[in-house]
>>> print(open('protein.pdb').read())   # PDB, C-alpha atoms and all ligand atoms
ATOM      1  CA  MET A 177     -41.804 166.697 268.077  1.00  0.00           C
ATOM      2  CA  SER A 178     -41.739 169.157 270.922  1.00  0.00           C
ATOM      3  CA  VAL A 179     -42.637 167.489 274.210  1.00  0.00           C
ATOM      4  CA  LYS A 180     -44.524 169.870 276.497  1.00  0.00           C
ATOM      5  CA  GLN A 181     -42.840 169.634 279.842  1.00  0.00           C
ATOM      6  CA  ARG A 182     -42.577 171.418 283.162  1.00  0.00           C
ATOM      7  CA  ARG A 183     -39.011 170.470 283.946  1.00  0.00           C
ATOM      8  CA  THR A 184     -35.746 169.284 282.467  1.00  0.00           C
ATOM      9  CA  ARG A 185     -35.147 165.607 283.157  1.00  0.00           C
ATOM     10  CA  LEU A 186     -31.784 164.525 284.549  1.00  0.00           C
ATOM     11  CA  LYS A 187     -29.737 161.403 283.875  1.00  0.00           C
ATOM     12  CA  ILE A 188     -26.460 160.735 285.636  1.00  0.00           C
ATOM     13  CA  CYS A 189     -24.270 158.308 283.741  1.00  0.00           C
ATOM     14  CA  GLY A 190     -21.291 156.148 284.627  1.00  0.00           C
ATOM     15  CA  ILE A 191     -22.533 154.865 287.989  1.00  0.00           C
ATOM     16  CA  THR A 192     -20.292 152.089 289.319  1.00  0.00           C
ATOM     17  CA  ARG A 193     -21.183 151.909 293.050  1.00  0.00           C
ATOM     18  CA  PRO A 194     -24.421 151.552 295.053  1.00  0.00           C
ATOM     19  CA  GLN A 195     -23.569 154.588 297.218  1.00  0.00           C
ATOM     20  CA  ASP A 196     -23.290 156.738 294.095  1.00  0.00           C
ATOM     21  CA  ALA A 197     -26.652 155.470 292.853  1.00  0.00           C
ATOM     22  CA  LEU A 198     -28.175 156.389 296.211  1.00  0.00           C
ATOM     23  CA  ALA A 199     -26.760 159.917 295.950  1.00  0.00           C
ATOM     24  CA  VAL A 200     -28.309 160.220 292.486  1.00  0.00           C
ATOM     25  CA  VAL A 201     -31.686 159.018 293.734  1.00  0.00           C
ATOM     26  CA  GLN A 202     -31.578 161.305 296.767  1.00  0.00           C
ATOM     27  CA  ALA A 203     -30.766 164.279 294.530  1.00  0.00           C
ATOM     28  CA  GLY A 204     -33.992 163.600 292.627  1.00  0.00           C
ATOM     29  CA  ALA A 205     -32.500 162.539 289.284  1.00  0.00           C
ATOM     30  CA  ASP A 206     -34.702 160.683 286.814  1.00  0.00           C
ATOM     31  CA  ALA A 207     -32.241 158.117 285.502  1.00  0.00           C
ATOM     32  CA  ILE A 208     -28.899 156.439 286.050  1.00  0.00           C
ATOM     33  CA  GLY A 209     -26.573 155.082 283.396  1.00  0.00           C
ATOM     34  CA  LEU A 210     -24.492 151.908 283.628  1.00  0.00           C
ATOM     35  CA  VAL A 211     -21.612 151.678 281.155  1.00  0.00           C
ATOM     36  CA  PHE A 212     -21.196 148.177 279.675  1.00  0.00           C
ATOM     37  CA  TYR A 213     -18.128 149.079 277.642  1.00  0.00           C
ATOM     38  CA  ALA A 214     -14.969 147.471 278.994  1.00  0.00           C
ATOM     39  CA  PRO A 215     -12.412 150.105 277.866  1.00  0.00           C
ATOM     40  CA  SER A 216     -14.228 152.802 279.859  1.00  0.00           C
ATOM     41  CA  PRO A 217     -12.950 153.731 283.342  1.00  0.00           C
ATOM     42  CA  ARG A 218     -16.669 153.709 284.274  1.00  0.00           C
ATOM     43  CA  ALA A 219     -17.315 150.178 283.018  1.00  0.00           C
ATOM     44  CA  VAL A 220     -19.373 147.817 285.171  1.00  0.00           C
ATOM     45  CA  ASP A 221     -19.745 144.064 284.958  1.00  0.00           C
ATOM     46  CA  ILE A 222     -22.970 142.243 285.676  1.00  0.00           C
ATOM     47  CA  ALA A 223     -22.287 141.747 289.394  1.00  0.00           C
ATOM     48  CA  MET A 224     -21.493 145.442 289.871  1.00  0.00           C
ATOM     49  CA  ALA A 225     -24.586 146.437 287.905  1.00  0.00           C
ATOM     50  CA  GLN A 226     -26.793 144.158 290.005  1.00  0.00           C
ATOM     51  CA  ALA A 227     -25.446 145.730 293.204  1.00  0.00           C
ATOM     52  CA  VAL A 228     -26.134 149.235 291.894  1.00  0.00           C
ATOM     53  CA  VAL A 229     -29.612 148.440 290.620  1.00  0.00           C
ATOM     54  CA  ALA A 230     -30.559 146.870 293.954  1.00  0.00           C
ATOM     55  CA  VAL A 231     -30.689 150.356 295.539  1.00  0.00           C
ATOM     56  CA  VAL A 232     -32.580 152.063 292.702  1.00  0.00           C
ATOM     57  CA  PRO A 233     -36.299 152.479 293.462  1.00  0.00           C
ATOM     58  CA  ALA A 234     -39.267 152.464 291.096  1.00  0.00           C
ATOM     59  CA  PHE A 235     -39.635 155.489 288.827  1.00  0.00           C
ATOM     60  CA  VAL A 236     -35.897 155.961 288.438  1.00  0.00           C
ATOM     61  CA  THR A 237     -34.902 154.676 285.008  1.00  0.00           C
ATOM     62  CA  VAL A 238     -31.971 152.281 284.804  1.00  0.00           C
ATOM     63  CA  THR A 239     -30.150 152.777 281.502  1.00  0.00           C
ATOM     64  CA  ALA A 240     -27.603 150.337 280.075  1.00  0.00           C
ATOM     65  CA  LEU A 241     -25.030 151.948 277.783  1.00  0.00           C
ATOM     66  CA  PHE A 242     -23.278 149.952 275.047  1.00  0.00           C
ATOM     67  CA  VAL A 243     -20.789 150.833 272.314  1.00  0.00           C
ATOM     68  CA  ASP A 244     -21.095 148.607 269.237  1.00  0.00           C
ATOM     69  CA  PRO A 245     -21.979 145.481 271.236  1.00  0.00           C
ATOM     70  CA  THR A 246     -22.959 142.108 269.824  1.00  0.00           C
ATOM     71  CA  ALA A 247     -26.602 141.162 270.244  1.00  0.00           C
ATOM     72  CA  ASP A 248     -25.519 138.411 272.649  1.00  0.00           C
ATOM     73  CA  GLU A 249     -23.705 140.899 274.888  1.00  0.00           C
ATOM     74  CA  VAL A 250     -26.802 143.072 275.143  1.00  0.00           C
ATOM     75  CA  GLN A 251     -29.096 140.117 275.743  1.00  0.00           C
ATOM     76  CA  LYS A 252     -26.870 138.736 278.507  1.00  0.00           C
ATOM     77  CA  VAL A 253     -27.150 142.034 280.402  1.00  0.00           C
ATOM     78  CA  LEU A 254     -30.904 142.264 279.844  1.00  0.00           C
ATOM     79  CA  ASP A 255     -31.308 138.703 281.151  1.00  0.00           C
ATOM     80  CA  SER A 256     -29.351 139.451 284.337  1.00  0.00           C
ATOM     81  CA  VAL A 257     -29.946 143.073 285.353  1.00  0.00           C
ATOM     82  CA  ARG A 258     -33.119 145.189 285.708  1.00  0.00           C
ATOM     83  CA  ILE A 259     -32.666 147.444 282.689  1.00  0.00           C
ATOM     84  CA  ASP A 260     -35.444 149.873 281.706  1.00  0.00           C
ATOM     85  CA  LEU A 261     -33.788 151.560 278.736  1.00  0.00           C
ATOM     86  CA  ILE A 262     -30.827 150.896 276.434  1.00  0.00           C
ATOM     87  CA  GLN A 263     -28.445 153.643 275.301  1.00  0.00           C
ATOM     88  CA  PHE A 264     -26.497 152.822 272.140  1.00  0.00           C
ATOM     89  CA  HIS A 265     -23.380 154.980 271.948  1.00  0.00           C
ATOM     90  CA  GLY A 266     -21.548 153.596 268.890  1.00  0.00           C
ATOM     91  CA  ASP A 267     -22.258 153.135 265.188  1.00  0.00           C
ATOM     92  CA  GLU A 268     -25.291 150.871 265.655  1.00  0.00           C
ATOM     93  CA  GLU A 269     -28.228 151.232 263.232  1.00  0.00           C
ATOM     94  CA  ASP A 270     -31.934 151.349 264.033  1.00  0.00           C
ATOM     95  CA  ASP A 271     -32.700 147.720 263.137  1.00  0.00           C
ATOM     96  CA  PHE A 272     -29.950 146.484 265.490  1.00  0.00           C
ATOM     97  CA  CYS A 273     -31.080 148.773 268.308  1.00  0.00           C
ATOM     98  CA  SER A 274     -34.743 147.813 267.874  1.00  0.00           C
ATOM     99  CA  GLN A 275     -34.339 144.039 268.224  1.00  0.00           C
ATOM    100  CA  PHE A 276     -34.265 143.762 272.041  1.00  0.00           C
ATOM    101  CA  ASN A 277     -37.891 144.396 272.904  1.00  0.00           C
ATOM    102  CA  ARG A 278     -36.712 147.237 275.148  1.00  0.00           C
ATOM    103  CA  PRO A 279     -36.940 151.009 274.576  1.00  0.00           C
ATOM    104  CA  TYR A 280     -33.740 152.629 273.434  1.00  0.00           C
ATOM    105  CA  ILE A 281     -32.063 156.016 272.977  1.00  0.00           C
ATOM    106  CA  LYS A 282     -29.323 156.704 270.441  1.00  0.00           C
ATOM    107  CA  ALA A 283     -26.240 158.811 271.116  1.00  0.00           C
ATOM    108  CA  ILE A 284     -25.052 161.032 268.298  1.00  0.00           C
ATOM    109  CA  ARG A 285     -21.673 162.756 268.315  1.00  0.00           C
ATOM    110  CA  VAL A 286     -22.420 166.152 266.844  1.00  0.00           C
ATOM    111  CA  ARG A 287     -20.192 167.715 264.209  1.00  0.00           C
ATOM    112  CA  GLN A 288     -22.743 169.735 262.235  1.00  0.00           C
ATOM    113  CA  ALA A 289     -26.409 170.712 262.479  1.00  0.00           C
ATOM    114  CA  SER A 290     -27.415 168.272 259.763  1.00  0.00           C
ATOM    115  CA  ASP A 291     -26.096 165.385 261.941  1.00  0.00           C
ATOM    116  CA  VAL A 292     -28.845 166.093 264.458  1.00  0.00           C
ATOM    117  CA  VAL A 293     -31.738 166.187 262.007  1.00  0.00           C
ATOM    118  CA  ALA A 294     -30.451 163.205 260.008  1.00  0.00           C
ATOM    119  CA  SER A 295     -30.066 161.121 263.160  1.00  0.00           C
ATOM    120  CA  CYS A 296     -33.608 161.767 264.283  1.00  0.00           C
ATOM    121  CA  LEU A 297     -34.766 160.394 260.940  1.00  0.00           C
ATOM    122  CA  ARG A 298     -32.274 157.504 260.844  1.00  0.00           C
ATOM    123  CA  PHE A 299     -33.450 156.151 264.213  1.00  0.00           C
ATOM    124  CA  PRO A 300     -37.253 155.982 264.004  1.00  0.00           C
ATOM    125  CA  GLY A 301     -37.305 153.446 266.847  1.00  0.00           C
ATOM    126  CA  ALA A 302     -35.402 155.642 269.304  1.00  0.00           C
ATOM    127  CA  LEU A 303     -37.332 157.248 272.175  1.00  0.00           C
ATOM    128  CA  ALA A 304     -34.905 160.175 272.146  1.00  0.00           C
ATOM    129  CA  VAL A 305     -31.591 161.246 270.689  1.00  0.00           C
ATOM    130  CA  LEU A 306     -28.685 161.964 273.050  1.00  0.00           C
ATOM    131  CA  LEU A 307     -26.366 164.638 271.667  1.00  0.00           C
ATOM    132  CA  ASP A 308     -22.751 164.267 272.717  1.00  0.00           C
ATOM    133  CA  SER A 309     -19.449 165.824 271.699  1.00  0.00           C
ATOM    134  CA  TYR A 310     -17.404 164.531 268.788  1.00  0.00           C
ATOM    135  CA  LYS A 311     -13.813 163.614 269.539  1.00  0.00           C
ATOM    136  CA  PRO A 312     -12.035 161.356 267.026  1.00  0.00           C
ATOM    137  CA  GLY A 313     -11.476 157.860 268.404  1.00  0.00           C
ATOM    138  CA  VAL A 314     -13.426 158.478 271.631  1.00  0.00           C
ATOM    139  CA  PRO A 315     -16.993 157.100 271.636  1.00  0.00           C
ATOM    140  CA  GLY A 316     -18.206 159.130 274.629  1.00  0.00           C
ATOM    141  CA  GLY A 317     -17.657 160.364 278.144  1.00  0.00           C
ATOM    142  CA  THR A 318     -15.216 162.954 276.756  1.00  0.00           C
ATOM    143  CA  GLY A 319     -16.010 165.611 279.343  1.00  0.00           C
ATOM    144  CA  GLU A 320     -16.047 168.132 276.488  1.00  0.00           C
ATOM    145  CA  THR A 321     -18.874 170.360 275.300  1.00  0.00           C
ATOM    146  CA  PHE A 322     -19.859 170.847 271.664  1.00  0.00           C
ATOM    147  CA  ASP A 323     -21.250 173.889 269.862  1.00  0.00           C
ATOM    148  CA  TRP A 324     -24.844 174.014 271.157  1.00  0.00           C
ATOM    149  CA  SER A 325     -25.824 176.425 268.390  1.00  0.00           C
ATOM    150  CA  LEU A 326     -25.738 173.366 266.086  1.00  0.00           C
ATOM    151  CA  VAL A 327     -28.911 172.023 267.744  1.00  0.00           C
ATOM    152  CA  PRO A 328     -31.945 173.113 265.693  1.00  0.00           C
ATOM    153  CA  ASP A 329     -34.925 174.579 267.601  1.00  0.00           C
ATOM    154  CA  GLU A 330     -37.450 172.130 266.169  1.00  0.00           C
ATOM    155  CA  LEU A 331     -36.647 168.438 266.033  1.00  0.00           C
ATOM    156  CA  PRO A 332     -38.730 165.322 265.495  1.00  0.00           C
ATOM    157  CA  LYS A 333     -37.495 163.662 268.707  1.00  0.00           C
ATOM    158  CA  PRO A 334     -36.821 164.681 272.305  1.00  0.00           C
ATOM    159  CA  ILE A 335     -33.219 165.742 272.838  1.00  0.00           C
ATOM    160  CA  ILE A 336     -30.963 164.689 275.702  1.00  0.00           C
ATOM    161  CA  LEU A 337     -28.056 167.116 275.942  1.00  0.00           C
ATOM    162  CA  ALA A 338     -24.722 165.598 277.025  1.00  0.00           C
ATOM    163  CA  GLY A 339     -21.027 166.286 276.764  1.00  0.00           C
ATOM    164  CA  GLY A 340     -18.959 168.204 279.280  1.00  0.00           C
ATOM    165  CA  LEU A 341     -21.842 169.575 281.330  1.00  0.00           C
ATOM    166  CA  THR A 342     -20.876 170.987 284.732  1.00  0.00           C
ATOM    167  CA  ILE A 343     -22.446 173.207 287.351  1.00  0.00           C
ATOM    168  CA  ALA A 344     -20.631 176.108 285.642  1.00  0.00           C
ATOM    169  CA  ASN A 345     -22.144 175.698 282.158  1.00  0.00           C
ATOM    170  CA  LEU A 346     -25.442 173.950 282.905  1.00  0.00           C
ATOM    171  CA  ALA A 347     -27.600 177.079 283.089  1.00  0.00           C
ATOM    172  CA  SER A 348     -26.348 178.349 279.708  1.00  0.00           C
ATOM    173  CA  ALA A 349     -26.862 174.899 278.191  1.00  0.00           C
ATOM    174  CA  ILE A 350     -30.473 174.606 279.344  1.00  0.00           C
ATOM    175  CA  ARG A 351     -31.355 178.183 278.399  1.00  0.00           C
ATOM    176  CA  GLN A 352     -29.840 177.831 274.940  1.00  0.00           C
ATOM    177  CA  VAL A 353     -30.914 174.306 273.922  1.00  0.00           C
ATOM    178  CA  ARG A 354     -34.062 173.757 276.024  1.00  0.00           C
ATOM    179  CA  PRO A 355     -33.451 169.984 275.937  1.00  0.00           C
ATOM    180  CA  PHE A 356     -35.914 167.374 277.154  1.00  0.00           C
ATOM    181  CA  ALA A 357     -33.150 166.096 279.468  1.00  0.00           C
ATOM    182  CA  VAL A 358     -29.524 166.640 280.391  1.00  0.00           C
ATOM    183  CA  ASP A 359     -26.973 163.867 280.892  1.00  0.00           C
ATOM    184  CA  VAL A 360     -23.792 164.224 282.924  1.00  0.00           C
ATOM    185  CA  SER A 361     -20.980 161.946 283.980  1.00  0.00           C
ATOM    186  CA  GLY A 362     -17.535 163.545 284.342  1.00  0.00           C
ATOM    187  CA  GLY A 363     -18.990 166.815 285.663  1.00  0.00           C
ATOM    188  CA  VAL A 364     -20.170 165.143 288.884  1.00  0.00           C
ATOM    189  CA  GLU A 365     -17.163 162.932 289.532  1.00  0.00           C
ATOM    190  CA  ALA A 366     -14.528 163.014 292.263  1.00  0.00           C
ATOM    191  CA  ASP A 367     -12.421 160.701 290.093  1.00  0.00           C
ATOM    192  CA  LYS A 368     -13.137 158.671 286.972  1.00  0.00           C
ATOM    193  CA  GLY A 369     -15.948 156.237 287.810  1.00  0.00           C
ATOM    194  CA  ILE A 370     -16.348 157.637 291.341  1.00  0.00           C
ATOM    195  CA  LYS A 371     -19.120 160.168 291.815  1.00  0.00           C
ATOM    196  CA  ASP A 372     -19.051 163.117 294.215  1.00  0.00           C
ATOM    197  CA  PRO A 373     -22.347 163.335 296.180  1.00  0.00           C
ATOM    198  CA  GLY A 374     -21.933 167.100 296.706  1.00  0.00           C
ATOM    199  CA  LYS A 375     -21.478 167.692 292.970  1.00  0.00           C
ATOM    200  CA  ILE A 376     -24.487 165.479 292.191  1.00  0.00           C
ATOM    201  CA  THR A 377     -26.731 167.455 294.558  1.00  0.00           C
ATOM    202  CA  ALA A 378     -25.434 170.802 293.296  1.00  0.00           C
ATOM    203  CA  PHE A 379     -25.966 169.756 289.677  1.00  0.00           C
ATOM    204  CA  ALA A 380     -29.541 168.543 290.315  1.00  0.00           C
ATOM    205  CA  ASP A 381     -30.334 171.728 292.288  1.00  0.00           C
ATOM    206  CA  GLU A 382     -29.020 173.799 289.391  1.00  0.00           C
ATOM    207  CA  VAL A 383     -31.324 172.010 286.931  1.00  0.00           C
ATOM    208  CA  TYR A 384     -34.241 172.813 289.241  1.00  0.00           C
ATOM    209  CA  ARG A 385     -33.138 176.442 289.679  1.00  0.00           C
ATOM    210  CA  VAL A 386     -32.864 177.092 285.949  1.00  0.00           C
ATOM    211  CA  ASP A 387     -36.209 175.420 285.308  1.00  0.00           C
ATOM    212  CA  GLN A 388     -37.839 177.799 287.802  1.00  0.00           C
ATOM    213  CA  GLU A 389     -36.805 180.767 285.640  1.00  0.00           C
ATOM    214  CA  SER A 390     -39.335 179.773 283.010  1.00  0.00           C
ATOM    215  CA  VAL A 391     -42.250 178.827 285.290  1.00  0.00           C
TER     216      VAL A 391
HETATM  217  O1  LIG B 401     -18.414 157.335 280.220  1.00  0.00           O
HETATM  218  C1  LIG B 401     -17.709 156.713 279.421  1.00  0.00           C
HETATM  219  O2  LIG B 401     -16.568 156.348 279.722  1.00  0.00           O
HETATM  220  C2  LIG B 401     -18.231 156.381 278.064  1.00  0.00           C
HETATM  221  C3  LIG B 401     -17.487 155.558 277.256  1.00  0.00           C
HETATM  222  C4  LIG B 401     -17.954 155.254 275.997  1.00  0.00           C
HETATM  223  C5  LIG B 401     -19.153 155.760 275.545  1.00  0.00           C
HETATM  224  C6  LIG B 401     -19.901 156.595 276.346  1.00  0.00           C
HETATM  225  C7  LIG B 401     -19.442 156.907 277.611  1.00  0.00           C
HETATM  226  N1  LIG B 401     -20.149 157.746 278.422  1.00  0.00           N
HETATM  227  C8  LIG B 401     -21.311 158.449 278.002  1.00  0.00           C
HETATM  228  C9  LIG B 401     -21.839 159.277 279.097  1.00  0.00           C
HETATM  229  O3  LIG B 401     -21.482 159.164 280.218  1.00  0.00           O
HETATM  230  C10 LIG B 401     -22.879 160.282 278.854  1.00  0.00           C
HETATM  231  O4  LIG B 401     -23.925 159.736 278.125  1.00  0.00           O
HETATM  232  C11 LIG B 401     -22.343 161.523 278.220  1.00  0.00           C
HETATM  233  O5  LIG B 401     -21.506 161.251 277.169  1.00  0.00           O
HETATM  234  C12 LIG B 401     -21.799 162.514 279.190  1.00  0.00           C
HETATM  235  O6  LIG B 401     -20.470 162.332 279.522  1.00  0.00           O
HETATM  236  P1  LIG B 401     -19.635 163.572 280.127  1.00  0.00           P
HETATM  237  O7  LIG B 401     -19.119 164.405 278.991  1.00  0.00           O
HETATM  238  O8  LIG B 401     -18.525 162.964 280.920  1.00  0.00           O
HETATM  239  O9  LIG B 401     -20.547 164.352 281.025  1.00  0.00           O
END
>>> encode(input="protein.pdb", output="structure tokens")
Amino acid sequence: MSVKQRRTRLKICGITRPQDALAVVQAGADAIGLVFYAPSPRAVDIAMAQAVVAVVPAFVTVTALFVDPTADEVQKVLDSVRIDLIQFHGDEEDDFCSQFNRPYIKAIRVRQASDVVASCLRFPGALAVLLDSYKPGVPGGTGETFDWSLVPDELPKPIILAGGLTIANLASAIRQVRPFAVDVSGGVEADKGIKDPGKITAFADEVYRVDQESV
């Protein structure tokens, strides 16, 4: 399904502090991501997530990211924090992801072109598929790019491009993949889990600049 769109949407993941969420909102991003995965340096607990979400206005999507959670873990977050969208970043299957009465996106770690097509079909309930880099033993947030030529031109779901995006490679990524959205975490950080407001603004401005090329 190709979604006709006028601009590339932007999600900034791994937000741990209200001031970082405010920088994301002020830069005009469409979504923030909260990582509910304890081993991550960007992990938040419920109290931290509530503090972040308190500064996020309407029309900015709050995404909760999980890696192979139990259903109880997901439900506890949904019961306590304003979550608009769930991002499953592990080996979850569609029936697990679909049980929460909340829209979800599925992250796929890309190794070959057939991974992308197969995943779109394996997750009929997903609103979009997020394509991330494959690194053995690391579920996500690798800061590494993957071979964008593996992304087919026509796919049955909107694509969110992730993995090692920075101000330096963003233009090439958008021009080559033409994704529905881009997702960045490490590329706009000052340190792991701490965002850099200048990098956030520059990244969002770059998305806008590249989009203008095709208007
Ligand atoms: O950020 C993490 O530490 C993380 C841990 C486990 C699973 C996913 C994780 N992050 C995912 C993301 O932040 C993004 O969706 C995406 O992978 C972009 O990350 P980056 O390569 O750092 O831009």
>>> residues_near_point(input="protein.pdb", point="(-21.7, 140.9, 290.9)", cutoff="12 Å", atoms="all atoms listed in the file", output="ChimeraX atom specification")
/A:192-194,220-230,253,256-257
>>> residues_near_ligand(input="protein.pdb", ligand="ligand LIG 401 (chain B)", cutoff="8 Å", atoms="all atoms listed in the file", output="short mmCIF file (atom, residue, chain, number, x, y, z; two decimals) with C-alpha atoms, in the coordinates of the input")
data_model
loop_
_atom_site.label_atom_id
_atom_site.label_comp_id
_atom_site.auth_asym_id
_atom_site.auth_seq_id
_atom_site.Cartn_x
_atom_site.Cartn_y
_atom_site.Cartn_z
CA ILE A 188 -26.46 160.74 285.64
CA CYS A 189 -24.27 158.31 283.74
CA GLY A 190 -21.29 156.15 284.63
CA GLY A 209 -26.57 155.08 283.40
CA VAL A 211 -21.61 151.68 281.15
CA TYR A 213 -18.13 149.08 277.64
CA PRO A 215 -12.41 150.10 277.87
CA SER A 216 -14.23 152.80 279.86
CA PRO A 217 -12.95 153.73 283.34
CA ARG A 218 -16.67 153.71 284.27
CA ALA A 219 -17.32 150.18 283.02
CA LEU A 241 -25.03 151.95 277.78
CA PHE A 242 -23.28 149.95 275.05
CA VAL A 243 -20.79 150.83 272.31
CA HIS A 265 -23.38 154.98 271.95
CA GLY A 266 -21.55 153.60 268.89
CA ALA A 283 -26.24 158.81 271.12
CA LEU A 306 -28.68 161.96 273.05
CA ASP A 308 -22.75 164.27 272.72
CA SER A 309 -19.45 165.82 271.70
CA VAL A 314 -13.43 158.48 271.63
CA PRO A 315 -16.99 157.10 271.64
CA GLY A 316 -18.21 159.13 274.63
CA GLY A 317 -17.66 160.36 278.14
CA THR A 318 -15.22 162.95 276.76
CA GLY A 319 -16.01 165.61 279.34
CA GLU A 320 -16.05 168.13 276.49
CA THR A 321 -18.87 170.36 275.30
CA ALA A 338 -24.72 165.60 277.02
CA GLY A 339 -21.03 166.29 276.76
CA GLY A 340 -18.96 168.20 279.28
CA LEU A 341 -21.84 169.58 281.33
CA THR A 342 -20.88 170.99 284.73
CA ASP A 359 -26.97 163.87 280.89
CA VAL A 360 -23.79 164.22 282.92
CA SER A 361 -20.98 161.95 283.98
CA GLY A 362 -17.54 163.54 284.34
CA GLY A 363 -18.99 166.82 285.66
CA VAL A 364 -20.17 165.14 288.88
#
>>> residues_around(input="protein.pdb", residues="range 272-274 of chain A", least_positions_apart="6", cutoff="10 Å", atoms="only C-alpha atoms", output="list in words")
Asp244, Pro245, Thr246, Ala247, Val250, Ile262, Gln263, Phe264, Tyr280, Ile281, Lys282, Phe299, Pro300, Gly301 and Ala302 of chain A
>>> resolve_selection(input="protein.pdb", expression="the PyMOL selection byres (((chain A and resi 261) around 7) and not hetatm)", output="list of chain:residue names")
A:Val238, A:Thr239, A:Ala240, A:Ile259, A:Asp260, A:Ile262, A:Gln263, A:Arg278, A:Pro279, A:Tyr280
>>> resolve_selection(input="protein.pdb", expression="the PyMOL selection byres (((chain A and resi 333) around 6) and not hetatm)", output="count of residues only")
5
>>> closest_residue(input="protein.pdb", among="A:Asp206, A:Glu268, A:Asp367, A:Glu389", to="Val236 in chain A", atoms="only C-alpha atoms")
A:Asp206
